[in-house]
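Asks: The structure follows.
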Protein chains: 2
Amino acid sequence: MSLGSARHRKHWGWGYADEQPSAPDLSAAAGFLSGHLGFGSAEPTAPAPLPGLPAPRLRAPESVAGWCSVDPAVRARHAYGSSYRDVVRGFRGEFPCPPDVVARPGDERELEATLEWALGAGATVIAYGGGTSVAGGVEPGGAGDVVTIDTTRLDRVLEVDTESLAARIQAGASGPGLESQLGEYGLTLRHFPQSFQFQTLGGAIATRASGHFATGPTHIDEFVESVRALTPAGWWESRRLPSSGAGPSPDRLLLGSEGTLGIISEAWVRVLRRPVHRASAVVLFASFAAGAAAARALVQAGLRPANLRLLDPEEARLTLAGDGSAALLLVGFEGAGTDMGRVVESLLAAALACCRDCGGTAAAGAGGSPAASPGGTARADRDPSSAAEVWRDAFFRAPYVRDVLVAIGVLSETFESAITWNRFDSFVESVLGATRAAVLEVCGAGHVTCRVTHVYADGAAPYFTVLAPAARGGELEQWEAIKAAASEAVLAGGGTITHHHAVGRDHRPWYDRQRPDPFALALAAAKSAVDPGWQLNPGVLLADAVAGGPDGRRRGHP
Amino acid sequence: MSLGSARHRKHWGWGYADEQPSAPDLSAAAGFLSGHLGFGSAEPTAPAPLPGLPAPRLRAPESVAGWCSVDPAVRARHAYGSSYRDVVRGFRGEFPCPPDVVARPGDERELEATLEWALGAGATVIAYGGGTSVAGGVEPGGAGDVVTIDTTRLDRVLEVDTESLAARIQAGASGPGLESQLGEYGLTLRHFPQSFQFQTLGGAIATRASGHFATGPTHIDEFVESVRALTPAGWWESRRLPSSGAGPSPDRLLLGSEGTLGIISEAWVRVLRRPVHRASAVVLFASFAAGAAAARALVQAGLRPANLRLLDPEEARLTLAGDGSAALLLVGFEGAGTDMGRVVESLLAAALACCRDCGGTAAAGAGGSPAASPGGTARADRDPSSAAEVWRDAFFRAPYVRDVLVAIGVLSETFESAITWNRFDSFVESVLGATRAAVLEVCGAGHVTCRVTHVYADGAAPYFTVLAPAARGGELEQWEAIKAAASEAVLAGGGTITHHHAVGRDHRPWYDRQRPDPFALALAAAKSAVDPGWQLNPGVLLADAVAGGPDGRRRGHP
């Protein structure tokens, strides 16, 4: 029986085992990166080989064994997500708490059998999609037996409704996998997070992932028509609807539940016709704040560009999208209908006029290729300037680059938030300030940069990147100190602890303080109602302390 | 102490006591309506005077009595919402189960004191905003003491953030009240349901109301940045954010909770600059299905008109917006930014091209005033054709007209749903068919018409209107039979039992069947966690049967 794709991912970090860089390539990358950043070794260290793992404490019975694995490489691969902390531990060969069994059900019957067995055996059950969590979302806690349910064999687009532009897709379908299946119908989900290569639809729904659209529907929340999830109390399946006002939305309680309420099996999601019209430009601003003001102005005027990313000067330089002298605003519109060409152009013209009013100047083709000209005209039907292309390439390459950074001793961390406009400038300043201070104290040097990834009429999502010299062997302590300082600043500044990276285990201390107390009671009670043993991904989202509602007792889990 | 506005609403039906039509006006309206509809009496019956009410079973203590009332007119006014059933009962002077006490707290301290007293007294507590529920959302059940908390003294816009375009508004602010306060800043909420005159922000949030925007953000859900609500377990207040991915959204669990989890005190909501550019047109289609296909095509092309309503030929005729020979599509765009004039025009041009491709022809100014010309040009900066104006006037006048309909013995009911496009045509046909059959059987004659109120890329919200000759004294039985037949057809056809009218008590039997079972368990458990005595608006949303989760017992309410 095949247990999924023939291609194996390496046991640590990003990517497939068969696409790792050659030694000379790795050396060249190390040389370039250490020079470009000003720190890190030019000679990469080699990762530790896969070590021996603790013996599985659990054995799958005959009835489910056919799709279960205790293979050490498989267990190691499912021990972590994809955070810096995860990559470092994998690189070091540290796997003290892998799941005991990894199950890969191939259909809902197998999923039901797996969950029934695991619950009956008293095991903790962790749903695992692409393993792309950067917030500690899929990591076994250590105590008790653990069955990780990998959904990636549930990877098909089951049904396409070309009239409603929607598709029924299995939870384990990955970004490229579902795009290629939808492509046969001329359709696309157009949900491109940085983890696109491996992220699964179910994982996106469980974590409220957001895609590359900068405005308009971008959180996966907006794409979902209905969800089907298996809970210990049975199937939780909502009616497929374009909209409903019937009570609190059942889907919205599953969205962001991070595997604590049920295991998502499939969902109906809205899809799009592939865009045929595009118009985009790159605009330079003297400062990040000026660029943010332009982004605000154009969204508040009612413009909803598909792309609207703002890079601070240093982030533009580090990603090779700019020379560091200006903040870069990438703005792009797209449309699918035959009559939309003129609309797309008028939208870009209005956006550029808005940018000009805010002091922006259109880029003169950074990188050599021609860019959109200032204030009015635009290039349609092709991707814009090379600055945008360079940026996009860097965006999707980043997870690979991070493995190299670990190998050359560079600490890298990204975190993000969202904040209303009235507090935006001071928020970014204070978070940058607090994070830089922590980086200096902990690492002695480093870069902390900011970009805006998503723009709303009432605020925006700033995204921060930390790159600093790591102390070999002390990376995790460094990371923890920087993460804590940054998270404190985010919370103190009024932001959310996460805009689209999810809560997981890493953000829980701050999430606990952000969340309304009665909602915490309600959420814990909801979990108790469908998962009385608290066996589904405990430790994520909910602390044991709030379990069981007002009386503080766990229900059904004495 | 003032207990709210000096102006009193009449004890039954819609409107203020001081704006009731004169006898000759009423007679003229009756004559016109009965002639226009083909049934109903030309001589209106007079409503029964306010009867004696059952004595209050509860007495407010000194500490809260200052803002509490046991006045019969006040208690009668708070006995019902605004459904046909409610109007008929009020018209007849039937008030067997009014609330015992109506409290009108003027600030949060008074709200806290009221809730504390009512909970301690073992009373049922019903939150009441504008009393505009058409689903039995605010009606005391009859058993036990009832305190209704009227929020309309909490009617202020507390804070306006012009940078983020958001405002902190008290729950009891009505449509006109909050619009006039926001108007001082050049801002608007632009959330215009048919109940605009009396609806409150808190009521809209509690019931997931939707406004007049036909596409894009229209459900109040999309306007909410944060909510503050008082639960028996304390204040539930979310962080004010433009967006967040931190766990399941706390706001989305309150949205649609219909007073079962807490009493909303205030919310931060997104507001807009008043639009300065408008472009709109009316397009005629040979059939409702052809008009729906055009609406679908233009939204799927990426167009998001502020207005996009489709009336079937008979509904156009009955509302005097058309002559009954064609389906009418009203389409309009608006924009606020200085550079948006050209954008708005190009959007309408694209929409009209789309309509033309789908067989539509632009209306030649129905009603005498000039309309948008076909396929391309449009009138900007003014309201469009008179057909649209006639329609809009009728829309907001409808609640008043309904009182007259009751007085002349015409049964009227509206209900709505949402359905994906692949099932849209057959859904509308089967719901119309089932409802017409019931109307014929129950009333012997009548009109059942349909319009589309909200359009999504993946579906639409059809809205049905029933007008039929009522049997004096048997109206409620007629209504119940028709409502049941319509609701069965909605559910059987795959739709939602409500798109924006909420569940209340009237839709609960069908909501119970629509909702995923594990979600019902989760919701009941969430309620038990914050309202252990199940004292907040019981009977709405949740049946007692599901209370207390898997074991079927109520928690804290033996």
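So you can find residues: chains in the structure tokens are A, B, ... in the order shown, residues in each start at 1, and ligands are numbered from 1 in order.
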Going by DSSP on the backbone, which bits of region 434-487 of chain A are alpha helix (DSSP H)? Write them as a VMD selection string, please.

Replies: chain A and resid 434 to 443 475 to 487

Asks: Taking only C-alpha atoms into account, produce a table as a tab-separated table in which each residue of chain B with an atom at most 6 Å from an atom of chain A appears once, together with its shortest atom pair and the distance in Å to one decimal, ordered by chain and rising number.

Replies:
```
residue	atom	partner	partner_atom	distance
B:Glu163	CA	A:Asn422	CA	5.5
B:Ser164	CA	A:Asp458	CA	4.3
B:Leu165	CA	A:Asp458	CA	5.8
B:Arg208	CA	A:Gly245	CA	5.5
B:Trp236	CA	A:Pro516	CA	5.4
B:Glu237	CA	A:Pro516	CA	5.5
B:Ser238	CA	A:Pro516	CA	5.7
B:Leu241	CA	A:Ile419	CA	5.7
B:Pro242	CA	A:Gly459	CA	5.3
B:Ser244	CA	A:His499	CA	4.5
B:Gly245	CA	A:His499	CA	4.5
B:Ala246	CA	A:Thr498	CA	5.5
B:Gly247	CA	A:Gly256	CA	4.4
B:Pro248	CA	A:Gly256	CA	4.5
B:Leu253	CA	A:Pro248	CA	5.3
B:Leu255	CA	A:Pro248	CA	5.7
B:Gly256	CA	A:Gly247	CA	4.4
B:Ser257	CA	A:Pro248	CA	5.7
B:Ala301	CA	A:Gly337	CA	4.5
B:Ala336	CA	A:Ala301	CA	5.8
B:Gly337	CA	A:Ala301	CA	4.4
B:Asp339	CA	A:Ala350	CA	5.5
B:Val343	CA	A:Ser346	CA	5.7
B:Ser346	CA	A:Val343	CA	5.7
B:Ala350	CA	A:Asp339	CA	5.5
B:Ile419	CA	A:Leu241	CA	5.6
B:Thr420	CA	A:Pro242	CA	5.7
B:Trp421	CA	A:Ser164	CA	4.8
B:Asn422	CA	A:Glu163	CA	5.5
B:Asp458	CA	A:Ser164	CA	4.3
B:Gly459	CA	A:Pro242	CA	5.3
B:Thr498	CA	A:Ala246	CA	5.5
B:His499	CA	A:Ser244	CA	4.5
B:His500	CA	A:Gly245	CA	4.8
B:Ala502	CA	A:Ala246	CA	5.5
B:Val503	CA	A:Ala246	CA	5.7
B:Pro516	CA	A:Trp236	CA	5.4
B:Pro518	CA	A:Trp236	CA	5.5
B:Leu521	CA	A:Ala529	CA	5.9
B:Ala522	CA	A:Ala526	CA	4.0
B:Ala525	CA	A:Ala525	CA	5.3
B:Ala526	CA	A:Ala522	CA	4.0
B:Ala529	CA	A:Gly549	CA	5.3
B:Gly549	CA	A:Ala529	CA	5.5
```

Asks: Could you give me, as a VMD selection string, the residues within 8 Å of Glu139 (chain A), counting only C-alpha atoms and dropping anything in the same chain fewer than 2 positions from it?

Replies: chain A and resid 78 to 81 98 126 136 to 137 141

Asks: Just how far from CA of Leu58 (chain A) is CA of Ala121 (chain A), in Å to one decimal?

Replies: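 These two atoms are separated by 8.6 Å.
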
Asks: Compile a residue-level contact table for region 289-375 of chain B against region 425-448 of chain B at a cut-off of 10 Å, reporting for every qualifying residue the shortest atom pair and its distance in Å to one decimal, with only C-alpha atoms counted, rows ordered by chain and ascending number, as a Markdown table.

Replies:
```
| residue | atom | partner | partner_atom | distance |
| --- | --- | --- | --- | --- |
| B:Ala289 | CA | B:Asp425 | CA | 6.4 |
| B:Ala290 | CA | B:Asp425 | CA | 9.9 |
| B:Ala292 | CA | B:Asp425 | CA | 8.4 |
| B:Ala293 | CA | B:Asp425 | CA | 9.4 |
| B:Glu314 | CA | B:His447 | CA | 8.3 |
| B:Glu315 | CA | B:Val448 | CA | 8.4 |
| B:Leu318 | CA | B:His447 | CA | 9.2 |
```

Asks: Output C-alpha atoms of each residue in that selection to a file, as a short mmCIF file (atom, residue, chain, number, x, y, z; two decimals), in the first residue's frame.

Replies:
```cif
data_model
loop_
_atom_site.label_atom_id
_atom_site.label_comp_id
_atom_site.auth_asym_id
_atom_site.auth_seq_id
_atom_site.Cartn_x
_atom_site.Cartn_y
_atom_site.Cartn_z
CA ALA B 289 -33.21 33.65 -14.17
CA ALA B 290 -31.65 35.78 -16.92
CA ALA B 292 -29.68 36.32 -11.94
CA ALA B 293 -27.25 35.04 -14.54
CA GLU B 314 -44.32 40.50 -10.27
CA GLU B 315 -42.38 42.02 -7.39
CA LEU B 318 -46.28 45.14 -6.84
#
```
